[in-house]
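One structure is given below, encoded as structure tokens.
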Amino acid sequence: NAHQNLKFFSMALIGAWGSGKSSYLKTLQEDLKQKHHIIYLNVWELEDSSNVISEVKKEFDNIIFNSNYKLWLLNTLQNIFYKDYFGLLSKYFIKSDIKLPSFFEQTLKESKDRYNELLKKILSDRKIIIMIDEVDRLHEKQEILNIFKVIRYTASFDNVFVITALDLEQVEKKLTDDIEYIHKIFNIKHHIPKATKNEFLKYYKEVVFEKSKDIIAPQKFENLLTSQDLRAQVSLLDLLPTFRVLKNSFNDSFFLISSLQSTHKEEWQSYITF
């Protein structure tokens, strides 16, 4: 909301796997969608950068169409003679032989400037916020670099900025020689703080126990959280590095117990120990 400068703006949301980056983005999306246009992209699901570009183009087209049908129609007619910005952009991601532009084809800068003016007319005081998630799940180095190119080219519009959620350590391992390029892409880096044992304990007591109190007695539940394994000298809280691991462990236990209850009725507890 504080960002007013009509220049390139890109933010990194950094955290380890399971630290809550996706949940953070979803919460932020709810907070901002009344005031701005939100585009959420899970790049792991989209598989490659060409699909990402196609998805961004469709989302932009929908925003323009819903905001001003006449301007959308005019832009569509102009694209009969001039390849649109995203069409020109795609050649920077696909390896092919050099082709000379046609007589009518614009340069990338000309196309970008034309599209930028269109967006400013459409958006007025609103912004398009692109949220990019799951970059660190990509395996191919070139695909990761291509996603950063998408960020570079889309965040350069005046009324657009990008928030990218990623585990920076995982991405740096895959890019080794291109680490500096990553850091140049982001104006701001926001690190999600690690959860503390007290926060885990609060979550267990307020959420997990409330959903499992018909399964386990309060004292047994308390013992799980506080007792120590005499060999390893660790408590349950020491074994859960993130909320994702915590939730997964609870869900796995819950489904196991539900299965035992359905097959063994009142005797289910004899098959497990807490």
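Just remember, in the structure tokens the first chain shown is A, the second B, etc., residues are 1-based per chain, and ligands are 1-based in the order shown.
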
Give me, as an mmCIF file with N, CA and C atoms, in the first residue's frame, all polymer residues having an atom no more than 10 Å from Lys35 (chain A), counting only C-alpha atoms and skipping those fewer than 2 positions away in the same chain.
data_model
loop_
_atom_site.group_PDB
_atom_site.id
_atom_site.type_symbol
_atom_site.label_atom_id
_atom_site.label_comp_id
_atom_site.auth_asym_id
_atom_site.auth_seq_id
_atom_site.Cartn_x
_atom_site.Cartn_y
_atom_site.Cartn_z
ATOM 1 N N ASN A 1 0.823 -1.221 0.000
ATOM 2 C CA ASN A 1 0.000 0.000 0.000
ATOM 3 C C ASN A 1 0.850 1.262 0.000
ATOM 4 N N ASP A 31 -6.560 -9.732 2.019
ATOM 5 C CA ASP A 31 -6.475 -8.350 2.512
ATOM 6 C C ASP A 31 -6.499 -7.328 1.382
ATOM 7 N N LEU A 32 -5.939 -7.703 0.230
ATOM 8 C CA LEU A 32 -5.713 -6.712 -0.827
ATOM 9 C C LEU A 32 -6.688 -6.785 -2.007
ATOM 10 N N LYS A 33 -7.454 -7.878 -2.111
ATOM 11 C CA LYS A 33 -8.239 -8.079 -3.333
ATOM 12 C C LYS A 33 -9.375 -7.080 -3.513
ATOM 13 N N HIS A 37 -6.120 -5.643 -8.109
ATOM 14 C CA HIS A 37 -6.283 -6.881 -8.863
ATOM 15 C C HIS A 37 -5.166 -7.842 -8.449
ATOM 16 N N ILE A 38 -5.537 -9.072 -8.097
ATOM 17 C CA ILE A 38 -4.554 -10.055 -7.657
ATOM 18 C C ILE A 38 -4.468 -11.186 -8.682
ATOM 19 N N ASP A 125 -5.974 4.255 -10.040
ATOM 20 C CA ASP A 125 -5.250 4.187 -8.771
ATOM 21 C C ASP A 125 -5.137 2.754 -8.235
ATOM 22 N N ARG A 126 -5.624 1.775 -8.996
ATOM 23 C CA ARG A 126 -5.489 0.377 -8.588
ATOM 24 C C ARG A 126 -4.174 -0.200 -9.113
ATOM 25 N N LYS A 127 -3.783 -1.326 -8.585
ATOM 26 C CA LYS A 127 -2.570 -1.996 -9.044
ATOM 27 C C LYS A 127 -2.889 -3.450 -9.385
ATOM 28 N N ILE A 128 -2.033 -4.025 -10.199
ATOM 29 C CA ILE A 128 -2.050 -5.472 -10.398
ATOM 30 C C ILE A 128 -0.922 -6.046 -9.552
#

DSSP says strand (DSSP E or B) for which residues of region 13-246 of chain A? Put them as number ranges by chain?
-> A: 13-14, 37-42, 128-133, 160-166, 188-191

Option closest in space to Thr242 (chain A), from A:Glu267, A:Glu199, A:Glu47, A:Glu143 [counting only C-alpha atoms] | A:Glu199

Closest-contact table, region 154-175 of chain A side, partner region 108-120 of chain A, 10 Å, counting only C-alpha atoms, as a Markdown table:
| residue | atom | partner | partner_atom | distance |
| --- | --- | --- | --- | --- |
| A:Thr154 | CA | A:Lys112 | CA | 9.5 |
| A:Ser156 | CA | A:Asn116 | CA | 9.1 |
| A:Phe157 | CA | A:Asn116 | CA | 5.8 |
| A:Asp158 | CA | A:Asn116 | CA | 6.8 |
| A:Asn159 | CA | A:Lys120 | CA | 6.7 |
| A:Val160 | CA | A:Leu119 | CA | 9.0 |

From a DSSP calculation on the backbone, collect every residue of region 126-271 of chain A in alpha helix (DSSP H) and output the set as a PyMOL selection string.
-> chain A and resi 141-154+168-175+179-185+197-203+209-212+218-226+243-264

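Shell of region 256-258 of chain A at 10 Å, with only C-alpha atoms counted and residues fewer than 6 places along the chain excluded, is Ile215, Phe250, His264, Lys265, Trp268, Gln269, Tyr271 and Ile272 of chain A.
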
Neighbour list for Glu140 (chain A) as JSON, numbers by chain, cut-off 12 Å, only C-alpha atoms, skip fewer than 6 positions in-chain | {"A": [44, 47, 48, 49, 146, 147, 171, 173, 174, 175]}

For the selection just defined, write its residues with N, CA and C atoms to a file, as a tab-separated table (two decimals), in the first residue's frame.
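Output file result.tsv follows:
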chain	number	residue	atom	x	y	z
A	44	TRP	N	4.87	-24.20	-10.11
A	44	TRP	CA	5.14	-25.64	-10.13
A	44	TRP	C	4.01	-26.37	-10.85
A	47	GLU	N	4.17	-25.74	-14.66
A	47	GLU	CA	5.22	-26.59	-15.25
A	47	GLU	C	6.33	-25.84	-15.98
A	48	ASP	N	6.03	-24.91	-16.85
A	48	ASP	CA	7.12	-24.21	-17.54
A	48	ASP	C	6.76	-22.76	-17.77
A	49	SER	N	7.78	-21.97	-18.12
A	49	SER	CA	7.64	-20.52	-18.21
A	49	SER	C	6.69	-20.09	-19.33
A	146	ASN	N	13.97	-18.47	-16.05
A	146	ASN	CA	12.88	-17.93	-16.88
A	146	ASN	C	11.79	-17.29	-16.02
A	147	ILE	N	11.51	-17.88	-14.86
A	147	ILE	CA	10.51	-17.29	-13.96
A	147	ILE	C	10.99	-15.92	-13.50
A	171	VAL	N	16.80	-22.34	-3.89
A	171	VAL	CA	16.98	-21.76	-5.22
A	171	VAL	C	18.46	-21.52	-5.51
A	173	LYS	N	21.01	-23.12	-4.42
A	173	LYS	CA	21.70	-24.39	-4.69
A	173	LYS	C	21.58	-24.77	-6.16
A	174	LYS	N	20.46	-24.43	-6.77
A	174	LYS	CA	20.22	-24.82	-8.16
A	174	LYS	C	20.81	-23.82	-9.15
A	175	LEU	N	21.05	-22.59	-8.69
A	175	LEU	CA	21.50	-21.55	-9.62
A	175	LEU	C	22.98	-21.20	-9.48

Compile the contact shell of region 187-192 of chain A as an MDAnalysis selection string: residues with an atom at most 8 Å away, counting only C-alpha atoms, same-chain residues fewer than 5 positions apart removed.
-> chainID A and resid 9:15 19:21

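Take the candidates A:Leu25, A:Leu89, A:Leu71, A:Leu46 and check each one against Tyr153 (chain A) using only C-alpha atoms; the shortest distance goes to A:Leu89.
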
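Computed from the coordinates, the CA of Trp72 (chain A) to CA of Ser54 (chain A) distance equals 17.1 Å.
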
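Closest to Asp61 (chain A) among A:Ile122, A:His36, A:Thr164, A:Thr107 is A:Ile122, based on only C-alpha atoms.
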
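Separating CA of Gln170 (chain A) from CA of Glu134 (chain A) is a distance of 11.1 Å.
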
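For the choices A:Leu236, A:Ala165, A:Val207, A:Met131, the atom-to-atom distance to Gly18 (chain A) is smallest for A:Ala165 when using only C-alpha atoms.
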
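Taking CA of Tyr69 (chain A) and CA of Lys57 (chain A) as the two end points, the separation is 16.2 Å.
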
Near Phe200 (chain A), counting only C-alpha atoms, which residues have an atom at most 12 Å away, once you skip same-chain residues fewer than 6 positions from it, shown as an NGL selection string?
-> :A and (194 or 206-208 or 225 or 236-247)
